[in-house]
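Asker: Got a file for you: entry-v7.txt, compact mmCIF, C-alpha atoms and all ligand atoms.
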```txt
# COMPACT_ATOMS: atom_id res chain seq x y z
CA MET A 1 28.69 44.64 -50.27
CA ALA A 2 26.17 43.84 -52.97
CA GLY A 3 28.95 42.15 -54.92
CA VAL A 4 29.79 39.72 -52.12
CA ARG A 5 26.15 38.87 -51.59
CA SER A 6 25.68 37.87 -55.19
CA VAL A 7 28.80 35.70 -55.21
CA ILE A 8 27.77 33.55 -52.26
CA PRO A 9 24.54 32.20 -53.76
CA ALA A 10 26.39 31.48 -56.99
CA PHE A 11 29.03 29.53 -55.09
CA ALA A 12 26.39 27.64 -53.15
CA ALA A 13 24.66 26.75 -56.40
CA LEU A 14 27.93 25.48 -57.80
CA LEU A 15 28.50 23.27 -54.76
CA ALA A 16 24.98 21.94 -54.96
CA ALA A 17 25.43 21.13 -58.64
CA GLN A 18 28.61 19.22 -57.93
CA THR A 19 27.00 17.26 -55.15
CA THR A 20 24.09 16.18 -57.30
CA GLN A 21 26.53 15.10 -59.98
CA THR A 22 28.63 12.85 -57.75
CA GLN A 23 25.88 11.39 -55.59
CA PRO A 24 24.15 9.03 -58.02
CA ALA A 25 27.36 7.11 -58.82
CA GLN A 26 28.14 6.67 -55.13
CA ALA A 27 24.59 5.67 -54.32
CA GLN A 28 24.69 3.17 -57.15
CA THR A 29 27.88 1.61 -55.81
CA ASN A 30 26.38 1.32 -52.34
CA ALA A 31 23.20 -0.23 -53.72
CA SER A 32 25.33 -2.63 -55.72
CA LEU A 33 27.33 -3.59 -52.62
CA ASP A 34 24.16 -4.17 -50.64
CA ALA A 35 22.61 -6.26 -53.37
CA GLY A 36 25.83 -8.21 -53.83
CA ARG A 37 26.08 -8.88 -50.11
CA ARG A 38 22.54 -10.23 -50.10
CA LEU A 39 23.20 -12.40 -53.15
CA ALA A 40 26.32 -13.82 -51.53
CA ALA A 41 24.45 -14.55 -48.31
CA THR A 42 21.58 -16.20 -50.18
CA HIS A 43 23.52 -18.23 -52.74
CA CYS A 44 26.94 -18.79 -51.21
CA GLY A 45 26.46 -18.34 -47.45
CA ARG A 46 25.27 -21.87 -46.84
CA CYS A 47 28.84 -23.05 -47.37
CA HIS A 48 31.15 -20.03 -47.72
CA ALA A 49 31.99 -17.30 -45.24
CA VAL A 50 30.48 -14.20 -46.86
CA ASP A 51 31.65 -11.41 -44.55
CA ARG A 52 35.01 -10.13 -43.47
CA ARG A 53 35.11 -12.04 -40.17
CA ASP A 54 32.87 -15.08 -40.33
CA GLN A 55 33.99 -18.68 -40.83
CA SER A 56 32.73 -20.92 -43.63
CA PRO A 57 29.84 -23.16 -42.51
CA ASP A 58 31.38 -25.83 -44.75
CA PRO A 59 35.05 -25.90 -43.75
CA ARG A 60 36.07 -27.10 -47.22
CA ALA A 61 34.61 -23.99 -48.86
CA PRO A 62 37.10 -21.10 -49.01
CA ARG A 63 36.01 -17.86 -47.37
CA LEU A 64 34.75 -15.55 -50.08
CA ARG A 65 37.06 -12.82 -48.83
CA ASN A 66 40.02 -15.08 -49.60
CA LEU A 67 38.95 -16.13 -53.08
CA GLY A 68 41.16 -13.55 -54.75
CA ALA A 69 44.19 -15.28 -53.25
CA ASN A 70 43.96 -18.27 -55.57
CA PHE A 71 41.08 -17.71 -57.95
CA PRO A 72 41.23 -15.15 -60.76
CA PHE A 73 38.31 -12.75 -60.56
CA ALA A 74 37.76 -12.63 -64.30
CA GLY A 75 37.38 -16.41 -64.15
CA LEU A 76 34.86 -16.12 -61.36
CA ARG A 77 32.69 -13.80 -63.40
CA ASP A 78 32.72 -16.31 -66.24
CA ALA A 79 31.93 -19.11 -63.84
CA LEU A 80 28.95 -17.15 -62.53
CA ARG A 81 27.77 -16.59 -66.08
CA GLN A 82 27.94 -20.33 -66.61
CA HIS A 83 25.88 -20.88 -63.47
CA MET A 84 28.79 -21.66 -61.23
CA ILE A 85 29.09 -25.30 -62.20
CA VAL A 86 32.87 -24.94 -62.06
CA GLY A 87 34.41 -26.42 -58.92
CA HIS A 88 31.01 -27.03 -57.35
CA PRO A 89 29.96 -30.64 -57.76
CA GLU A 90 27.54 -30.48 -54.84
CA MET A 91 26.24 -26.98 -55.31
CA PRO A 92 22.80 -26.29 -56.74
CA VAL A 93 22.97 -24.41 -60.05
CA VAL A 94 22.85 -20.69 -59.41
CA SER A 95 21.35 -18.63 -62.17
CA LEU A 96 22.08 -14.94 -61.84
CA ASN A 97 21.28 -12.20 -64.33
CA PRO A 98 24.05 -9.87 -65.51
CA THR A 99 23.09 -7.16 -63.02
CA GLU A 100 23.21 -9.63 -60.15
CA ILE A 101 26.57 -10.94 -61.32
CA GLY A 102 27.88 -7.37 -61.42
CA ASP A 103 26.56 -6.69 -57.91
CA LEU A 104 28.02 -9.89 -56.56
CA MET A 105 31.40 -9.15 -58.14
CA THR A 106 31.34 -5.63 -56.69
CA TYR A 107 30.71 -7.07 -53.26
CA LEU A 108 33.27 -9.85 -53.53
CA ARG A 109 35.89 -7.42 -54.69
CA SER A 110 35.13 -5.12 -51.78
CA ILE A 111 35.84 -7.79 -49.16
CA GLN A 112 39.10 -9.19 -50.55
CA GLY A 113 42.07 -8.81 -48.23
CA PRO A 114 44.07 -5.60 -48.69
CA ALA A 115 47.12 -7.50 -49.95
CA ARG A 116 45.09 -8.62 -52.95
CA SER A 117 43.46 -5.33 -53.87
CA GLY A 118 45.68 -5.07 -56.96
CA ARG A 119 43.55 -7.77 -58.51
CA SER A 120 40.64 -5.40 -58.85
CA LYS A 121 42.40 -3.94 -61.89
CA GLU A 122 41.22 -6.93 -63.84
CA ARG A 123 38.70 -6.51 -66.61
CA ASP A 124 35.37 -5.36 -65.24
CA THR A 125 32.67 -5.97 -67.79
C1 LIG A 201 26.65 -26.28 -51.28
C2 LIG A 201 27.79 -25.54 -50.76
C3 LIG A 201 28.33 -24.38 -51.60
C4 LIG A 201 27.65 -23.30 -52.09
C5 LIG A 201 26.17 -22.98 -51.93
C6 LIG A 201 28.64 -22.46 -52.77
N1 LIG A 201 29.86 -23.07 -52.71
FE1 LIG A 201 31.58 -22.36 -53.58
N2 LIG A 201 32.57 -24.03 -52.93
C7 LIG A 201 32.03 -24.99 -52.08
C8 LIG A 201 33.08 -25.94 -51.73
C9 LIG A 201 32.91 -27.17 -50.81
C10 LIG A 201 34.25 -25.51 -52.41
C11 LIG A 201 35.61 -26.18 -52.40
C12 LIG A 201 35.61 -27.16 -53.53
C13 LIG A 201 36.91 -27.85 -53.64
O1 LIG A 201 37.94 -27.24 -53.36
O2 LIG A 201 36.90 -29.03 -54.02
C14 LIG A 201 33.88 -24.31 -53.15
C15 LIG A 201 34.75 -23.60 -53.97
C16 LIG A 201 34.45 -22.39 -54.58
C17 LIG A 201 35.34 -21.68 -55.45
C18 LIG A 201 36.69 -22.14 -55.93
C19 LIG A 201 37.78 -21.58 -55.06
C20 LIG A 201 39.14 -21.97 -55.58
O3 LIG A 201 40.09 -21.38 -55.10
O4 LIG A 201 39.23 -22.88 -56.39
C21 LIG A 201 34.72 -20.52 -55.81
C22 LIG A 201 35.25 -19.42 -56.71
C23 LIG A 201 33.42 -20.53 -55.16
N3 LIG A 201 33.28 -21.69 -54.43
C24 LIG A 201 32.51 -19.52 -55.26
C25 LIG A 201 31.20 -19.62 -54.81
C26 LIG A 201 30.22 -18.59 -54.99
C27 LIG A 201 30.48 -17.22 -55.63
C28 LIG A 201 29.06 -19.07 -54.49
C29 LIG A 201 27.70 -18.38 -54.48
C30 LIG A 201 27.21 -17.94 -55.78
C31 LIG A 201 29.30 -20.42 -53.98
N4 LIG A 201 30.62 -20.70 -54.19
C32 LIG A 201 28.36 -21.24 -53.39
C33 LIG A 201 30.73 -25.09 -51.65
C34 LIG A 201 29.72 -24.21 -51.99
```
Could you write out this structure as structure tokens?
Ligand code: HEC

Answerer:
Amino acid sequence: MAGVRSVIPAFAALLAAQTTQTQPAQAQTNASLDAGRRLAATHCGRCHAVDRRDQSPDPRAPRLRNLGANFPFAGLRDALRQHMIVGHPEMPVVSLNPTEIGDLMTYLRSIQGPARSGRSKERDT
């Protein structure tokens, strides 16, 4: 009996250790998604649909969830680095820091249609 009792706490400790190891990465992804969603709403939402179901306020602006269909994601990251001047004659210059760009990319990638999910294999730096 004593043997079983000593195994259980050890097993529980192991589980706890594993949980604390995996949690930070997940929490970081969620924080990144939240931040990216906010950035999209703030900087893009005036014209583009930023969620999975909304329509673009400016009908000429593609829904962000459809961008992957005809715009390479690696190119979008570069465009964001260059303050998004590309393809946006009427858009105010958006200046995002590298963390914000990463968050925004994480969010944009998360809302792309399922048929396009293969694109997320692209370089992620
Ligand atoms: C002032 C309105 C406005 C804002 C704000 C805006 N966009 Fe746009 N965007 C447009 C319009 C309009 C187009 C379509 C331009 C065209 O096709 O001539 C466009 C096109 C694009 C394209 C090109 C799509 C393609 O297939 O060529 C990308 C990528 C894009 N926007 C990303 C963004 C992102 C990311 C943000 C936020 C950081 C943003 N836009 C903010 C109006 C806006």

Asker: Taking only C-alpha atoms into account, name the residue in A:Arg46, A:Gly113, A:Ala25, A:Leu108 that is nearest to Leu64 in chain A.

Answerer: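 So, comparing all the options, the nearest one is A:Leu108.
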
Asker: Looking at A:Thr42, A:Pro98, A:Glu90, A:Val50, which one is nearest to Asn66 in chain A, with distances taken over all atoms listed in the file?

Answerer: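 Selected residue with least distance to Asn66 in chain A: A:Val50.
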
Asker: Name the closest residue to Ala61 in chain A among the candidates A:Leu104, A:Leu80, A:Met91, A:Leu96; distances are taken between atoms, counting only C-alpha atoms.

Answerer: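 Ranked by minimum distance to Ala61 in chain A, first place goes to A:Met91.
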
Asker: Which chains and residue numbers are within 9 Å of ligand LIG 201 (chain A), counting only C-alpha atoms and all ligand atoms, if I want them as a PyMOL selection string?

Answerer: chain A and resi 39-48+57-64+66-73+75-77+79-80+83-84+86-96+101+104-105+108

Asker: Calculated over only C-alpha atoms, which of the candidates A:Arg53, A:Ala74, A:Ser32, A:Arg37 has the smallest distance to Gly102 in chain A?

Answerer: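 Closest residue, counting only C-alpha atoms: A:Ser32.
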
Asker: To one decimal in Å, tell me the separation between CA of Asn97 in chain A and CA of Ala31 in chain A.

Answerer: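 Computed distance, CA of Asn97 in chain A to CA of Ala31 in chain A, equals 16.1 Å.
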
Asker: Could you jot down the CA of Ser56 in chain A to CA of Asn30 in chain A separation for me, Å, one decimal place?

Answerer: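 Interatomic distance, CA of Ser56 in chain A to CA of Asn30 in chain A: 24.7 Å.
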
Asker: CA of Leu33 in chain A and CA of Arg109 in chain A are how many Å apart?

Answerer: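 Pair CA of Leu33 in chain A / CA of Arg109 in chain A returns 9.6 Å.
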